[in-house]
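Undergrad: I'd like to ask some things about the structure below.
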Protein chains: 4
Amino acid sequence: MSAPKKVVLAYSGGLDTSIILKWLQTQYGCEVVTFTADLGQGEELEPAREKAIMLGIKPENIHIVDVREEFVRDFVFPMFRANALYEGLYLLGTSIARPLISQHLVRIAHETGADAVSHGATGKGNDQVRFELSAYALDPSIRVIAPWREWDLSSRTKLLEFAEQNQIPIAKNKRNEAPFSVDANLLHTSSEGRVLENPADEAPDYVYQRTVSPEQAPDQAEMVEITFERGDAVAINGEAMSPAMILTKLNELGGKHGIGRLDLVENRFVGMKSRGIYETPGGTILLEAHRGIEQITLDSGAGHLKDSIMPRYAELIYNGFWFSPEREMLQALIDKSQEHVTGTVRVKLYKGHARTVARWSDHSLYSEAHVTFEEDAGAYDQKDAAGFIRLNALRLKLLATRNARFK
Amino acid sequence: MSAPKKVVLAYSGGLDTSIILKWLQTQYGCEVVTFTADLGQGEELEPAREKAIMLGIKPENIHIVDVREEFVRDFVFPMFRANALYEGLYLLGTSIARPLISQHLVRIAHETGADAVSHGATGKGNDQVRFELSAYALDPSIRVIAPWREWDLSSRTKLLEFAEQNQIPIAKNKRNEAPFSVDANLLHTSSEGRVLENPADEAPDYVYQRTVSPEQAPDQAEMVEITFERGDAVAINGEAMSPAMILTKLNELGGKHGIGRLDLVENRFVGMKSRGIYETPGGTILLEAHRGIEQITLDSGAGHLKDSIMPRYAELIYNGFWFSPEREMLQALIDKSQEHVTGTVRVKLYKGHARTVARWSDHSLYSEAHVTFEEDAGAYDQKDAAGFIRLNALRLKLLATRNARFK
Amino acid sequence: MSAPKKVVLAYSGGLDTSIILKWLQTQYGCEVVTFTADLGQGEELEPAREKAIMLGIKPENIHIVDVREEFVRDFVFPMFRANALYEGLYLLGTSIARPLISQHLVRIAHETGADAVSHGATGKGNDQVRFELSAYALDPSIRVIAPWREWDLSSRTKLLEFAEQNQIPIAKNKRNEAPFSVDANLLHTSSEGRVLENPADEAPDYVYQRTVSPEQAPDQAEMVEITFERGDAVAINGEAMSPAMILTKLNELGGKHGIGRLDLVENRFVGMKSRGIYETPGGTILLEAHRGIEQITLDSGAGHLKDSIMPRYAELIYNGFWFSPEREMLQALIDKSQEHVTGTVRVKLYKGHARTVARWSDHSLYSEAHVTFEEDAGAYDQKDAAGFIRLNALRLKLLATRNARFK
Amino acid sequence: MSAPKKVVLAYSGGLDTSIILKWLQTQYGCEVVTFTADLGQGEELEPAREKAIMLGIKPENIHIVDVREEFVRDFVFPMFRANALYEGLYLLGTSIARPLISQHLVRIAHETGADAVSHGATGKGNDQVRFELSAYALDPSIRVIAPWREWDLSSRTKLLEFAEQNQIPIAKNKRNEAPFSVDANLLHTSSEGRVLENPADEAPDYVYQRTVSPEQAPDQAEMVEITFERGDAVAINGEAMSPAMILTKLNELGGKHGIGRLDLVENRFVGMKSRGIYETPGGTILLEAHRGIEQITLDSGAGHLKDSIMPRYAELIYNGFWFSPEREMLQALIDKSQEHVTGTVRVKLYKGHARTVARWSDHSLYSEAHVTFEEDAGAYDQKDAAGFIRLNALRLKLLATRNARFK
């Protein structure tokens, strides 16, 4: 295969992607275009620009974009409509950011006439799959370069040598390997690797970066009221906010109360188990509240159908199939259910836990008239239950009669 | 239909089932056999015996049975192998006890030659369905009498009148209606009705009976280590225990730390929504720990399949279909997966929350050699991922190429 | 409950619904409005008008509507997009017509100010459920009268007596009971009951009314080409046709070639098994062709997802939940998949069997370049398969290694 | 990676696997052990022995095994219990044979001390995946050599040159490439490639090898009665037979009547679509009959659950995951359902079509007493249906009431 001519690189400004940038230039002699996204990871982006320029990138080839609103509106919120949890527990904070990044890489490739895109994910993880499946789904002729699978910089020492040889500045604290690896965006912070590799060892406290420990959280519980419209959060404590503002505010609240910590051993798509420490403060509150509002506004048939397809939906996102027809089909099903998921939920935040304590809605399906222990004024005829039970029992009776003949 | 001759009644010894007992005698002129079970509800059972005798039940017709071990071993533990949650949150504490009670009612009916069984569930709830489907599935010719759907004692006043006319003692605190209704067993306590009927109102603190509030829980976290064998908990902090002892111990721990409170609006099988306050202290810890041990001992294919059928399994139990072929088929699937779910999990208990922090097992599938950020000595060839991704992407590329032609 | 004032009756003009008409008048003293639909059942509808007038219905209360296009366009075709089969075999010909009839009953009730609707389905079958769930879903305050569950005309003799007493003309061939019961519409004819009640007895040949026996079908096979757009058939042998015309034409072809006969024992929603003889000539061809066009135009991820939810979708329709949120959610998912299901299929019709033999489409995803046994000019790199297999095998290897330790 | 020392090759005796045999010897200098299975493909196996000897294989290294009974008993029958169809139509005839072959390859490797196995599947197809996943699942340390992915014999010319250089005899009719590729075993014959590559072209008649064309089938229909015990066929027309005998007999009948032809475009696991012509004469009859017996012996809850998981089960087998925990879990579920699937089905065979016309069983759940149009002597109370419908409608009414407020 011939060398690529122009490559759009997902560039963080950090040491690793700076090495990749240089490696692309030297290995392929190609022009490099950088894409640096503000996904809410909480880092300044301007240093990435300066560093890119220092590494020889032309100013017009440097793309720095604030994608926070887009991220929450078009990726996080649709996913939360599904109450998606991977393997029962994981809120998919890394998974859901990858298709957005690929979408921008491909867009910039088209705008700049680049013939390839590149990312810094290793060959052992899920992110390579997510980046690449998304890129190929959006442009089947794009080329994806994954330096970690190609190069021979297989040890820390070799990487640092390469950096030195190529005048890439190395921050002092990067000389030694970090004790664990971090990914962060507006939805979550994940930590994995090295000191976390043994799942029998508790994660040291310094791993947690975004939430206080429940022990250090305030001794006073705090109530928060979240208002939804058609399945999406639109206001907090009565104040309307944009999607990214909602999540930012919930992160602040969740972080303060030590909410959303998860220590998980999960199954990677590439076939191995890995252990991750996740902090999803706002997302954890949001899931709890979304379930709370669905409890009164969603019909049981709709809710049970959603529940039954959720694991598959979550698996698709985890595995990198956001831009697949089956994810879009499931999204159509989910979105169809959310038309009346409108109302407000009160969630109590206290020492690591978020718990729905009240919810109300003009769209409520809850009928006190039907459920009441008091006289219900004819709303419900208890005798109907007899026929309901007898017909539900009919097949079980026929079965028991048959089976008894063969005992 | 002719009157039943002998009826086995699920009898708690309380006012309501005492009225039912008397009503059966007077309405049908039938002999009544009582069944009172120790399900771990935390009440003395001997008073039930005395009261039954006082109401004219022959001593040989009084059946008081401690079913705690049977309950946990044959019902609770199989259900927990599935990580069953109804509507994402409810641990099915009431649902899972009903089939056991019906099983004993039918057994005693056979042993005593009774032709009917009876229960005290109303015509609005799920329990009537659970009792009756179970009874019919176990004996298709049994007759079930549900007094609440038959009689005209439709108000508190009428009930008390009936009680007085029939010399049924009424405890002073039963003169007035309880502010809410309670069901309890070793797995959980549920509270519903009356003061809880408006889901927009927070549940008053006095509703909670089995757990301290998180605010009142100890300021010091506590670690508990739970050991599993083939999917079932067998030891706590290294001490082997029987199933019921395990759950009792976990309840004690969970109750102390304010764990397992749930405020839920759920969909009843009979078609309406209802609001319940659930306390499942031990079960909440057990679910967390079971997930923790599955994380390292269960293959992803097995785990994802389990996840995908779980909602249906939970719905079957909620709806009363424990004794149905489809529940048994799902159980066979689930049990098949648990052969190696053996090992120990450490869970941190603190102020309302139980969180896995470590897990280990001889049966672990976690391979540090494969996942490590360090040199993996050839355990995993990163280049394999390129082919893996390319073949997974192939259909997406063909799709994108096709779709592009029609834009 | 007070008597209804005005009732809209689903009226066929036959003896049974004429008796119902009269019974409603005499039992409730209410005004009766009739609705007679041309669903393609192949009967003249004007006699129904005359008979209604003779039974005292005011001309303005007689509603005769040709709903064939609506039936196929809004009910049959959406269902066929799903390849729906109940219990693996049944094309749901009766089930899919019921919600349409209820929709018209409710519409006419609103237009005429009627407070109830009525139908002639018995209390043992599925149709009562389908009629009533649909009616209640469209108007929760409507009242449904099901005479077969209410009256005491429980034998043929009593029905005929009632007819005679009320001057309802009885055709000679209706004096004796028909040997089986029939339902027909543009999609199918179903026969059940009486001579068909023993599933060990072959159905007599005279039961089949719409298809010749395969033995009597032409000795010459016939090819038919069906063109689809977005999942719906739009042309036959190159000739564009309306939905109802398409199905009419396919029925003609299928009937002539003895296609679409089914002898089935199925599970009714009300709990019992029943045996039906179905003839669905056009529908059988349509299903085969729809699958044929999906084979080349639908992505595997989309197709497998559709397959996995199909049984649930079919069950919902069979059970009468067409107008339910979960059916609509599944429809949204299915419809989303059909955007490119466009192209033509050639089906061979011969002696009871319809078989796809060729299919082509501008929207095809089939890539001869990729699949060819010849040189593929680099479209596919066989070495990619090695990595694909190794990563798919990884978890199986880890599992085998673990399991071996415990043998 | 070092060269393998001893390799067990799946050897048919044909030209392609003979070339592989020689290539393994020359490429790796390794000892080759051959495994030739009688899967019912209808070819003499002794010529394979002679040819192997001629190619220098030691007699003790030649393994020829009749696996027909094992194939049907342990692979085909368990799969048919599920009514498995891939993509709605394909009976998985090739897929189900591959794990058996791998099982023997691994067994022989263990018995002979071989360190690798090898197969003749190409890098484009599903079979490589099935062979290799099975092998790795049975022995995680086994090495699999797939010559088609390794060598440079990429054209027919090169292959023949290699054969000539290595004294491999080339039958005259193998000089030219076959017009299509064939795989056969007791369950089916599949044909694909070359003249079949364009799915818009009808398959020429000479492709079909195992079934007469329906036009050439007897003008007289034939009835066959198949008896099942616990889900498996055990007798034909009253005569008890072994599993392989059953399938052989059904193949004879089906072949004679032109039954089981399928022209399919399917989705391969490796990401592309391919077109295959399948002939599954006996299997097509068996599926029809198995469904027929399940209709009267399987409860609806069990049947619907089976139907809902079937697509996933079929996909697992198609994709090569027979030896996976999730396939085994699904098998446990399926097998659990078959306990009473016992009885006899009469199937009518005529001109390409097999159709159930009668079925009977001591284990039948069909209750004429319940379903009859005649007086049912109180077996079923039609009034029960009113309550059944009202409770099923309750949520739909609440929903309609709510939705009406927002129109």
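Chain labels A, B, ... are given in the sequence in which chains occur in the structure tokens; within each chain residues are numbered consecutively from 1, and ligands are likewise numbered from 1 in the order shown.
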For chain C against chain B, which residues fall within 10 Å using only C-alpha atoms, given as number ranges by chain?
TA: C: 297-301, 339-340, 362-367, 370, 380-392, 394-403, 405-406
Undergrad: Please indicate the distance in Å from CA of Met272 in chain C to CA of Val371 in chain D, rounded to one decimal place.
TA: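 CA of Val371 in chain D lies at a distance of 6.8 Å from CA of Met272 in chain C.
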Undergrad: Enumerate the residues of range 83-289 of chain B with a DSSP assignment of helix (DSSP H, G or I), computed from the backbone, and present them as number ranges by chain.
TA: B: 95-112, 127-138, 147-150, 156-165, 172-175, 194-196, 205-207, 214-216, 243-256, 281-289
Undergrad: For each of A:Gln128, A:Glu215, A:Ser337, A:Ala200, take the minimum atom-to-atom distance to His353 in chain B, counting only C-alpha atoms, then give the residue where this is smallest.
TA: A:Glu215
Undergrad: Could you write out, as a JSON list (two decimals) with N, CA and C atoms, in the first residue's frame, all the residues of range 82-198 of chain C that DSSP marks as strand (DSSP E)?
TA:
[["chain", "number", "residue", "atom", "x", "y", "z"],
["C", 116, "ALA", "N", -71.41, 2.81, 22.47],
["C", 116, "ALA", "CA", -70.89, 1.45, 22.56],
["C", 116, "ALA", "C", -70.63, 0.89, 21.17],
["C", 117, "VAL", "N", -69.80, -0.15, 21.14],
["C", 117, "VAL", "CA", -69.59, -0.92, 19.91],
["C", 117, "VAL", "C", -69.83, -2.37, 20.26],
["C", 118, "SER", "N", -70.07, -3.18, 19.24],
["C", 118, "SER", "CA", -70.36, -4.58, 19.49],
["C", 118, "SER", "C", -69.80, -5.44, 18.37],
["C", 143, "ARG", "N", -67.70, 1.68, 25.34],
["C", 143, "ARG", "CA", -68.20, 0.45, 25.94],
["C", 143, "ARG", "C", -68.24, -0.61, 24.85],
["C", 144, "VAL", "N", -67.83, -1.82, 25.18],
["C", 144, "VAL", "CA", -67.85, -2.90, 24.19],
["C", 144, "VAL", "C", -68.84, -3.96, 24.64],
["C", 145, "ILE", "N", -69.75, -4.32, 23.76],
["C", 145, "ILE", "CA", -70.72, -5.36, 24.08],
["C", 145, "ILE", "C", -70.39, -6.61, 23.27],
["C", 181, "SER", "N", -66.11, -23.34, 10.72],
["C", 181, "SER", "CA", -66.32, -21.90, 10.75],
["C", 181, "SER", "C", -65.26, -21.22, 9.90],
["C", 182, "VAL", "N", -65.64, -20.15, 9.22],
["C", 182, "VAL", "CA", -64.74, -19.52, 8.26],
["C", 182, "VAL", "C", -64.57, -18.04, 8.54],
["C", 183, "ASP", "N", -63.36, -17.54, 8.38],
["C", 183, "ASP", "CA", -63.13, -16.09, 8.34],
["C", 183, "ASP", "C", -62.29, -15.80, 7.11],
["C", 184, "ALA", "N", -62.66, -14.75, 6.39],
["C", 184, "ALA", "CA", -61.90, -14.46, 5.17],
["C", 184, "ALA", "C", -61.68, -12.97, 5.01],
["C", 189, "THR", "N", -57.97, -16.91, 4.16],
["C", 189, "THR", "CA", -59.19, -17.56, 4.62],
["C", 189, "THR", "C", -58.78, -18.54, 5.70],
["C", 190, "SER", "N", -59.47, -18.47, 6.83],
["C", 190, "SER", "CA", -59.18, -19.45, 7.88],
["C", 190, "SER", "C", -60.42, -20.29, 8.12],
["C", 191, "SER", "N", -60.21, -21.56, 8.42],
["C", 191, "SER", "CA", -61.30, -22.46, 8.73],
["C", 191, "SER", "C", -60.96, -23.20, 10.01],
["C", 192, "GLU", "N", -61.95, -23.33, 10.87],
["C", 192, "GLU", "CA", -61.69, -24.03, 12.12],
["C", 192, "GLU", "C", -62.98, -24.57, 12.71]]
Undergrad: Extract, using only C-alpha atoms, all DNA, RNA and protein residues at most 12 Å from Asn173 in chain C, discarding same-chain residues fewer than 5 positions from it, and format them as a list in words.
TA: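 Once the nearby chain positions are removed, what remains is Gly14, Leu15, Ala178 and Pro179 of chain C.
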Undergrad: Which distance in Å separates CA of Leu287 in chain B and CA of Leu250 in chain A, to one decimal?
TA: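 These atoms are spaced 26.8 Å apart.
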Undergrad: Within 9 Å of Pro243 in chain C, counting only C-alpha atoms, which residues qualify if same-chain residues fewer than 5 places away don't, as a list of chain:residue names?
TA: C:Arg68, C:Glu69, C:Glu70, C:Phe71, C:Val72, C:Arg73, C:Phe77, C:Asp232, C:Ala233, C:Val234, C:Thr248
Undergrad: Next, the residues of the selection above should be written as a CSV table (one decimal), in the first residue's frame with C-alpha atoms.
TA:
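Dumped to result.csv:
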chain,number,residue,atom,x,y,z
C,68,ARG,CA,-59.3,-3.0,1.0
C,69,GLU,CA,-56.6,-0.4,0.2
C,70,GLU,CA,-56.4,0.8,3.7
C,71,PHE,CA,-56.2,-2.7,5.0
C,72,VAL,CA,-53.3,-3.7,2.8
C,73,ARG,CA,-51.5,-0.3,2.9
C,77,PHE,CA,-47.8,-4.2,4.4
C,232,ASP,CA,-43.4,-2.7,0.2
C,233,ALA,CA,-44.4,-4.5,-3.0
C,234,VAL,CA,-45.2,-1.9,-5.7
C,248,THR,CA,-55.4,-9.5,-5.2
Undergrad: Counting only C-alpha atoms, what is within 10 Å of Ala37 in chain D, bar same-chain residues fewer than 6 positions away, as a list in words?
TA: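 These residues fall inside the cut-off: Ala10, Tyr11, Ser12, Leu45, His63, Ile64, Val65, Asp66, Val67, Arg68, Leu100, Ile101, His104 and Asn185 of chain D.
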Undergrad: Emit the selected residues as a PDB file, in the first residue's frame, including C-alpha atoms.
TA:
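Now in part10.pdb:
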ATOM      1  CA  ALA D  10      -8.818 -32.784   7.575  1.00  0.00           C
ATOM      2  CA  TYR D  11      -8.281 -34.777   4.415  1.00  0.00           C
ATOM      3  CA  SER D  12     -10.933 -35.576   1.831  1.00  0.00           C
ATOM      4  CA  LEU D  45     -13.400 -43.182   1.684  1.00  0.00           C
ATOM      5  CA  HIS D  63      -7.580 -42.048  10.347  1.00  0.00           C
ATOM      6  CA  ILE D  64     -10.801 -42.851   8.549  1.00  0.00           C
ATOM      7  CA  VAL D  65     -13.879 -42.746  10.716  1.00  0.00           C
ATOM      8  CA  ASP D  66     -17.555 -43.243  10.124  1.00  0.00           C
ATOM      9  CA  VAL D  67     -19.050 -40.404  12.167  1.00  0.00           C
ATOM     10  CA  ARG D  68     -22.558 -40.473  10.752  1.00  0.00           C
ATOM     11  CA  LEU D 100     -17.547 -32.303  14.774  1.00  0.00           C
ATOM     12  CA  ILE D 101     -14.620 -32.372  12.378  1.00  0.00           C
ATOM     13  CA  HIS D 104     -11.905 -35.268  15.833  1.00  0.00           C
ATOM     14  CA  ASN D 185     -22.857 -34.376   4.329  1.00  0.00           C
TER      15      ASN D 185
END
Undergrad: Taking 2 positions as the minimum chain separation for residues in the same chain, which residues sit within 9 Å of range 155-170 of chain D when counting only C-alpha atoms? Answer as a ChimeraX atom specification.
TA: /C:374-375 /D:15-16,18-19,22-23,51,54-55,152-153,172-177
Undergrad: Name the residues in contact with range 205-208 of chain C at a cut-off of 8 Å, using only C-alpha atoms, excluding same-chain residues fewer than 6 positions from it; report them as number ranges by chain.
TA: C: 180, 191, 277, 279
Undergrad: Can you tell me how far CA of Ala114 in chain A sits from CA of Arg49 in chain A, in Å to one decimal?
TA: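 Calculated distance between CA of Ala114 in chain A and CA of Arg49 in chain A is 19.4 Å.
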